[in-house]
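Quick notes on the structure that follows.
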Amino acid sequence: MPKLNLFDIQGFVARGYTFPCASYLLVEILDHQAGREFVRRVTGRVTNAEPWDNKPPSTLNIGFTWKGLRKLGLPDATLLSFPDEFYQGMRARNRILGDIGRNGPENWEPVWKEDIHVWLAVYAESAQELARRCDEMKRFMQETGGARLLYTQPAAAVRIDGEPTTKEHFGYTDGFGNPDYEGVERDTIPGQGKLTPDGKWAPLATGEFILGYPDEARELPACPVPYLLGINGTYMAYRKLHQNVASFREYLAEKGKQYHGGADKLAAKFVGRWQDGTPLELSPDRADPKLVQDQSRNTNFVYGQDPGGARCPIGSHIRRANPRDAFGFNGELVNRRRIMRRGMPYGEYTPEDQPARDQDDHGIVFMSLGASLFRQFEFVQQQWISYGNDARLGSDKDLLVGCHSDGRDKFVVQGTADPGNMPFICGGLPDFVELRGGEYFFLPSLTALRLIADGAVDPR
Amino acid sequence: MTNINGKAYAMNAVTPMKAWKTPILRLLFFLLGVFKSRQKGLIDLSFIHFARWVIVKNNQFPRLAPEQPEEQLHYDYLLFFSNFNGTWNEYIDAFSAVLSSGLDLIWRWSEKFPGAVPVTAFKRYISLVQFDTDYYYTAYPYATTNDVKAAIRVDDALQEFANDSPRLTPEQFQQAYLDLLVKVQADIGALGPAPMGT
Amino acid sequence: MANQNGKMYGLTILSPIIDDPKIKVSHDSALRMFLQNMPRHSHSPFANVSGTHICRLVVMDDVVFVGSPAKEEHLKSKYLVFNSNLYGGLDAYLEEMAGKIPDVVDNIWSHCVGYPGAADPKAFAAYMKKCQIETTFFFADVNDKTVEQTLRALQTKVEFTAFIEQNQGRSPAQLQREFAAFWERVRRLPLPPAGARELGTGQAAGA
């Protein structure tokens, strides 16, 4: 399998950056000619995926909506060769994604009603560096007259006692389990790839995450024309998820009192990991910091020995989002449904001992990358998060991010006859998370960016 | 969209087969019926309520009156009718991913079948040979086959429990009830609406 | 017997549709229009044919040309496909169709060659058997429950799920009392109607 062209792939696509702060800029293109000049300037500063000898103080990456590509003057034949879901955009697909009720587009932030054309992502080591790069982008917009800043979404690692952590606002340590795929020059972490017939882990086919490489179906993924526009690029689902921290803490406290295992264990049952990241499947009774630190173990598990969910509930968040071998067939039904996450929290963290309010502005900027929005992100969101038939859970939804419309949804903690691990039902689920807006973006390669900037996209 | 009723999708497909290949396919179906273990994959996927394959030989199309013209066909035809849960794409993706050898064994005798892998050409072929349902009835549109099986398990467990439990002391009852919960705990998902068929 | 799987019978009927060049609206068009407007869900005529788990009606216009080097050929008649997954025996089922929903049967099969009418159920059954094609392979995920048993089980599942949630944490004596009351009530619930769009929650929605 060919080596990945890391000089051509955007850095954000190939790796998860670890910086303490970030800003996502939502931008409108004003004019196709000046817009292309803007893209040219930005392209000159975009971070690619080549390995760093010295970590730069900041990075820059870019993505486009379908409307953005049209505004930049790409030919009709090219525009028509993009997938339906990308053309329609996340807002129009809301019923497919279960984004209704409180999560419906009518409740989104106002910026999402505008025509968003470009997404810029700046990650930085410090607030000053972040401001400097964002100012640079604003300068490009002004100087070219080709673009207008619609909205800046700041994001930052949750700080506890002044130190950046990988926790999110409900208190869970995040960032485990991103898929391994071929061609990335880092050691595969057992549990992140796909299962082999002899029960080991192997990287997934690159084409599941980056266009232009063979995928798990043993063909090249569908790609826009011309081919050069698509290869080394990928699609992104971007979602701003507000978190109702008060509701979550109240619910956990209330049910935690009723649950014989206590609140900490119940919190672990919701997600499938203890709040420190210890997987329930490997350590059902207690958090285990040593396990969490051990990369060879912290995501190295399967559910085959736990079909009844007595260790890790069948409907827990990580088991829903990545069922591994839980559907049989050695996990093959899951290999084409993996999502590459790049999320970042936003807003002030409310420490555990401080009172929380639902209206406090904090949550997570959720980003998911993959070669097919329809087959990967949309599928998981629709079939495994907002529904449960594949897991034999009927129409029960994910506790954490599911849209619990009328307060009658429930989460079942499966157990055994052992009084320390009895079955328990968490009913009357409130909405812990609210969608405030989102969109689909295409993240082109550096070559494709230059084609766009030059107006040289030719669909043959 | 008359292919869909609640959570069930009615797929119809017709493919031509050279007449000499038909007996081979019949034999394969016969063996599939005899060696039930070969059906395991189909059962484990748990998407399908009922499905059938029907071979219609070129001279077997029913003719009920002399004024009805006699068919003069070169090929035999394989009809396929499936009642499945989930979307068209999910269904075909799953079959292509884990049952491709079984699908190939059944459809390789049909003209121009490209193979169940890779999936894109396979989906194109299915679109070519699929024809739409005019009227679709199911006695339980709101139930997937998983829902039905779960319901049967819960019902059976409950019947047994209800028969035994009146004679128990409260403490014994509590224990028996706990055992019952453990038995049915993976079968009590809600019976609500299905996602859109995209 | 390839049509049989456990107690389920896979009935496949191909009825040739009358081809009459003299009429204004062709039989296949009229049939399609009738099927399009036929009542659905619990009002479906098939909800009255007790063995019917899942069935469909499809007007098959023609066979398919899959592309060279396959040869192009065409059917001389269109066929109405009636495909039913039914519990029980074939003769009883066909006779029930003619007996319970004769008007609908007439409206459908009067467009087909050689249809004798629904007045004589046995004649109707004989006609349908002339149109029957043997199912070569019949897969049934659940092959041993009547429609009524299936609907009851679904209703019980929903009711019991609500009971479990509502009675979590009760004392043993109280739980036993509540369960006895529940079982009394659930056994007397009316059978959910066949074909209904939703199960309906009975009294489970209440406290």
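Ligands are numbered from 1 in the order shown, chains are lettered A, B, ... in the order of the structure tokens, and residues start at 1 in each chain.
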- Task: Kindly determine which residues of chain B lie within 9 Å of chain A, considering only C-alpha atoms, and give the answer as number ranges by chain.
- Result: B: 41, 44-47, 85-86, 89-90, 93-94, 96-98, 117-120, 143-144, 146-147, 150, 175, 178-179, 181-182, 185-198
Emit the selected residues as a PDB file, in the first residue's frame, including C-alpha atoms.
```
ATOM      1  CA  GLY B  41     -24.697 -15.768   9.091  1.00  0.00           C
ATOM      2  CA  ASP B  44     -26.876 -13.599  13.173  1.00  0.00           C
ATOM      3  CA  LEU B  45     -27.305 -10.492  11.053  1.00  0.00           C
ATOM      4  CA  SER B  46     -30.866 -10.396  12.350  1.00  0.00           C
ATOM      5  CA  PHE B  47     -32.104  -7.879   9.791  1.00  0.00           C
ATOM      6  CA  ASN B  85     -35.121  -3.816   8.714  1.00  0.00           C
ATOM      7  CA  GLY B  86     -32.829  -0.852   8.324  1.00  0.00           C
ATOM      8  CA  ASN B  89     -27.747   1.000   2.148  1.00  0.00           C
ATOM      9  CA  GLU B  90     -27.257  -0.476   5.603  1.00  0.00           C
ATOM     10  CA  ASP B  93     -23.389  -2.807   3.166  1.00  0.00           C
ATOM     11  CA  ALA B  94     -23.814  -5.429   5.873  1.00  0.00           C
ATOM     12  CA  SER B  96     -21.430  -7.232   1.329  1.00  0.00           C
ATOM     13  CA  ALA B  97     -19.200  -6.955   4.398  1.00  0.00           C
ATOM     14  CA  VAL B  98     -19.921 -10.276   6.062  1.00  0.00           C
ATOM     15  CA  VAL B 117     -17.444  -7.184  -3.177  1.00  0.00           C
ATOM     16  CA  PRO B 118     -16.579  -4.390  -3.841  1.00  0.00           C
ATOM     17  CA  VAL B 119     -19.848  -2.905  -2.739  1.00  0.00           C
ATOM     18  CA  THR B 120     -20.279  -0.019  -5.208  1.00  0.00           C
ATOM     19  CA  ALA B 143     -41.489  -3.985  15.172  1.00  0.00           C
ATOM     20  CA  THR B 144     -38.181  -5.086  13.731  1.00  0.00           C
ATOM     21  CA  ASN B 146     -35.186  -8.075  16.794  1.00  0.00           C
ATOM     22  CA  ASP B 147     -38.201  -6.512  18.516  1.00  0.00           C
ATOM     23  CA  ALA B 150     -37.156  -9.949  22.153  1.00  0.00           C
ATOM     24  CA  GLN B 175     -35.047 -13.087  44.264  1.00  0.00           C
ATOM     25  CA  LEU B 178     -34.235 -10.356  40.058  1.00  0.00           C
ATOM     26  CA  ASP B 179     -33.516 -13.534  38.131  1.00  0.00           C
ATOM     27  CA  LEU B 181     -34.794  -9.136  35.195  1.00  0.00           C
ATOM     28  CA  VAL B 182     -31.406 -10.594  34.451  1.00  0.00           C
ATOM     29  CA  GLN B 185     -32.647  -7.077  30.663  1.00  0.00           C
ATOM     30  CA  ALA B 186     -31.268  -7.058  27.107  1.00  0.00           C
ATOM     31  CA  ASP B 187     -34.739  -7.390  25.583  1.00  0.00           C
ATOM     32  CA  ILE B 188     -36.511  -4.335  26.971  1.00  0.00           C
ATOM     33  CA  GLY B 189     -35.621  -1.662  24.439  1.00  0.00           C
ATOM     34  CA  ALA B 190     -38.392   0.775  23.604  1.00  0.00           C
ATOM     35  CA  LEU B 191     -40.712   0.144  20.669  1.00  0.00           C
ATOM     36  CA  GLY B 192     -40.511   3.556  19.062  1.00  0.00           C
ATOM     37  CA  PRO B 193     -40.141   5.037  15.602  1.00  0.00           C
ATOM     38  CA  ALA B 194     -37.307   4.033  13.311  1.00  0.00           C
ATOM     39  CA  PRO B 195     -34.884   6.506  11.747  1.00  0.00           C
ATOM     40  CA  MET B 196     -35.658   7.957   8.330  1.00  0.00           C
ATOM     41  CA  GLY B 197     -35.001   5.729   5.358  1.00  0.00           C
ATOM     42  CA  THR B 198     -32.595   8.223   3.768  1.00  0.00           C
TER      43      THR B 198
END
```
- Message: At a cut-off of 8 Å, which residues of chain C touch chain A? Count only C-alpha atoms and give the answer as JSON, numbers by chain.
- Response: {"C": [165, 168, 169]}
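Taking CA of Phe50 in chain B as the reference point, CA of Asn83 in chain B is found at 5.5 Å.
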- Task: Starting from chain B, keep only residues with some atom at most 7 Å from an atom of chain C, counting only C-alpha atoms, and report them as a ChimeraX atom specification.
- Result: /B:6,14-15,29,43,48-55,62,64-65,69,71,73,111-112,129,133-142,148,151-152,154-155,170-171,173-174,188
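Between Phe131 in chain B and the candidates B:Val56, B:Ala19, B:Val184, B:Leu79, the tightest atom-to-atom separation, counting only C-alpha atoms, involves B:Leu79.
Note that the spacing between CA of Arg239 in chain A and CA of Phe366 in chain A amounts to 5.0 Å.
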- Message: Need the shell around range 150-154 of chain A: protein/DNA/RNA residues with any atom at most 7 Å away, counting only C-alpha atoms. Skip same-chain ones fewer than 5 positions apart. Format as a PyMOL selection string?
- Response: chain A and resi 22-28+111+346
- Message: as a PyMOL selection string, please: every residue in range 58-164 of chain B that a backbone DSSP assignment puts in helix (DSSP H, G or I).
- Response: chain B and resi 88-98+100-107+119-129+145-164
Could those selected residues go to a file with N, CA and C atoms, as a compact mmCIF listing (two decimals), in the first residue's frame?
```txt
# COMPACT_ATOMS: atom_id res chain seq x y z
N TRP B 88 -31.87 0.63 2.96
CA TRP B 88 -31.36 -0.11 1.79
C TRP B 88 -29.84 -0.18 1.84
N ASN B 89 -29.21 0.96 2.13
CA ASN B 89 -27.75 1.00 2.15
C ASN B 89 -27.17 0.17 3.28
N GLU B 90 -27.78 0.28 4.46
CA GLU B 90 -27.26 -0.48 5.60
C GLU B 90 -27.34 -1.98 5.33
N TYR B 91 -28.46 -2.38 4.77
CA TYR B 91 -28.71 -3.78 4.46
C TYR B 91 -27.66 -4.33 3.50
N ILE B 92 -27.45 -3.62 2.41
CA ILE B 92 -26.52 -4.12 1.41
C ILE B 92 -25.08 -4.02 1.90
N ASP B 93 -24.75 -2.93 2.60
CA ASP B 93 -23.39 -2.81 3.17
C ASP B 93 -23.08 -3.99 4.08
N ALA B 94 -24.05 -4.34 4.92
CA ALA B 94 -23.81 -5.43 5.87
C ALA B 94 -23.62 -6.76 5.15
N PHE B 95 -24.48 -7.04 4.19
CA PHE B 95 -24.34 -8.29 3.47
C PHE B 95 -23.04 -8.36 2.71
N SER B 96 -22.68 -7.27 2.08
CA SER B 96 -21.43 -7.23 1.33
C SER B 96 -20.24 -7.43 2.26
N ALA B 97 -20.33 -6.88 3.47
CA ALA B 97 -19.20 -6.96 4.40
C ALA B 97 -19.02 -8.36 4.97
N VAL B 98 -20.10 -9.02 5.31
CA VAL B 98 -19.92 -10.28 6.06
C VAL B 98 -20.51 -11.53 5.43
N SER B 100 -20.55 -12.04 1.87
CA SER B 100 -20.33 -11.93 0.43
C SER B 100 -20.18 -13.29 -0.23
N SER B 101 -19.57 -14.23 0.46
CA SER B 101 -19.38 -15.53 -0.21
C SER B 101 -20.72 -16.23 -0.39
N GLY B 102 -21.61 -16.07 0.57
CA GLY B 102 -22.94 -16.66 0.43
C GLY B 102 -23.73 -16.00 -0.69
N LEU B 103 -23.64 -14.67 -0.77
CA LEU B 103 -24.33 -13.95 -1.84
C LEU B 103 -23.77 -14.36 -3.20
N ASP B 104 -22.47 -14.45 -3.27
CA ASP B 104 -21.85 -14.84 -4.53
C ASP B 104 -22.32 -16.23 -4.93
N LEU B 105 -22.42 -17.11 -4.00
CA LEU B 105 -22.83 -18.48 -4.30
C LEU B 105 -24.24 -18.51 -4.90
N ILE B 106 -25.09 -17.63 -4.47
CA ILE B 106 -26.47 -17.61 -4.98
C ILE B 106 -26.57 -16.85 -6.29
N TRP B 107 -25.90 -15.71 -6.38
CA TRP B 107 -26.12 -14.87 -7.56
C TRP B 107 -25.08 -14.99 -8.66
N VAL B 119 -18.43 -3.15 -2.93
CA VAL B 119 -19.85 -2.90 -2.74
C VAL B 119 -20.46 -1.93 -3.75
N THR B 120 -19.69 -1.03 -4.31
CA THR B 120 -20.28 -0.02 -5.21
C THR B 120 -20.89 -0.66 -6.45
N ALA B 121 -20.13 -1.56 -7.09
CA ALA B 121 -20.65 -2.22 -8.29
C ALA B 121 -21.83 -3.12 -7.92
N PHE B 122 -21.76 -3.73 -6.76
CA PHE B 122 -22.84 -4.59 -6.28
C PHE B 122 -24.12 -3.78 -6.13
N LYS B 123 -24.01 -2.57 -5.52
CA LYS B 123 -25.21 -1.75 -5.34
C LYS B 123 -25.78 -1.30 -6.68
N ARG B 124 -24.89 -1.04 -7.63
CA ARG B 124 -25.36 -0.62 -8.94
C ARG B 124 -26.16 -1.74 -9.60
N TYR B 125 -25.69 -2.98 -9.45
CA TYR B 125 -26.38 -4.13 -10.03
C TYR B 125 -27.75 -4.33 -9.38
N ILE B 126 -27.78 -4.22 -8.05
CA ILE B 126 -29.05 -4.38 -7.35
C ILE B 126 -30.05 -3.32 -7.82
N SER B 127 -29.59 -2.09 -7.97
CA SER B 127 -30.48 -1.03 -8.45
C SER B 127 -31.03 -1.37 -9.82
N LEU B 128 -30.23 -2.04 -10.63
CA LEU B 128 -30.67 -2.40 -11.98
C LEU B 128 -31.74 -3.48 -11.93
N VAL B 129 -31.60 -4.43 -11.04
CA VAL B 129 -32.51 -5.59 -11.06
C VAL B 129 -33.62 -5.50 -10.03
N THR B 145 -37.44 -7.37 13.38
CA THR B 145 -37.38 -8.77 13.76
C THR B 145 -36.70 -8.94 15.12
N ASN B 146 -35.77 -8.05 15.45
CA ASN B 146 -35.19 -8.07 16.79
C ASN B 146 -36.23 -7.81 17.86
N ASP B 147 -37.13 -6.84 17.57
CA ASP B 147 -38.20 -6.51 18.52
C ASP B 147 -39.09 -7.73 18.72
N VAL B 148 -39.43 -8.40 17.63
CA VAL B 148 -40.32 -9.57 17.71
C VAL B 148 -39.67 -10.66 18.56
N LYS B 149 -38.42 -10.94 18.27
CA LYS B 149 -37.75 -12.02 19.02
C LYS B 149 -37.61 -11.66 20.49
N ALA B 150 -37.26 -10.40 20.75
CA ALA B 150 -37.16 -9.95 22.15
C ALA B 150 -38.51 -10.09 22.84
N ALA B 151 -39.57 -9.72 22.14
CA ALA B 151 -40.91 -9.80 22.73
C ALA B 151 -41.26 -11.24 23.07
N ILE B 152 -40.94 -12.15 22.19
CA ILE B 152 -41.25 -13.56 22.44
C ILE B 152 -40.48 -14.05 23.66
N ARG B 153 -39.21 -13.63 23.77
CA ARG B 153 -38.42 -14.07 24.93
C ARG B 153 -39.00 -13.49 26.22
N VAL B 154 -39.33 -12.22 26.19
CA VAL B 154 -39.89 -11.59 27.40
C VAL B 154 -41.21 -12.24 27.77
N ASP B 155 -42.04 -12.46 26.78
CA ASP B 155 -43.35 -13.06 27.02
C ASP B 155 -43.21 -14.45 27.64
N ASP B 156 -42.34 -15.26 27.06
CA ASP B 156 -42.13 -16.62 27.59
C ASP B 156 -41.62 -16.56 29.03
N ALA B 157 -40.63 -15.69 29.27
CA ALA B 157 -40.05 -15.61 30.62
C ALA B 157 -41.10 -15.14 31.63
N LEU B 158 -41.91 -14.20 31.20
CA LEU B 158 -42.93 -13.64 32.08
C LEU B 158 -44.01 -14.67 32.40
N GLN B 159 -44.42 -15.43 31.40
CA GLN B 159 -45.43 -16.48 31.62
C GLN B 159 -44.95 -17.45 32.68
N GLU B 160 -43.71 -17.88 32.53
CA GLU B 160 -43.14 -18.85 33.46
C GLU B 160 -43.10 -18.26 34.87
N PHE B 161 -42.63 -17.01 34.93
CA PHE B 161 -42.51 -16.34 36.23
C PHE B 161 -43.89 -16.16 36.87
N ALA B 162 -44.86 -15.73 36.08
CA ALA B 162 -46.19 -15.47 36.62
C ALA B 162 -46.85 -16.74 37.13
N ASN B 163 -46.53 -17.86 36.49
CA ASN B 163 -47.09 -19.14 36.95
C ASN B 163 -46.53 -19.53 38.31
N ASP B 164 -45.22 -19.32 38.48
CA ASP B 164 -44.56 -19.80 39.70
C ASP B 164 -44.70 -18.83 40.86
```
- Note on the structure: From CA of Glu208 in chain A to CA of Gly370 in chain A the spacing works out at 6.2 Å
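For range 131-322 of chain A, a DSSP pass over the backbone yields strand (DSSP E) at Ala147, Arg148, Leu149, Leu150, Tyr151, Thr152, Gln153, Pro154, Ala155, Ala156, Arg159, Ile160, Glu163, Pro164, Lys194, Leu195, Trp201, Ala202, Thr234, Tyr235, Met236, Ala237, Tyr238, Arg239, Lys240, Leu241, His242 and Gln243 of chain A.
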- Query: Within 8 Å of Ser445 in chain A, counting only C-alpha atoms, which residues qualify if same-chain residues fewer than 5 places away don't, as JSON, numbers by chain?
  - Reply: {"A": [8, 9, 10, 229, 230, 231, 232, 233]}
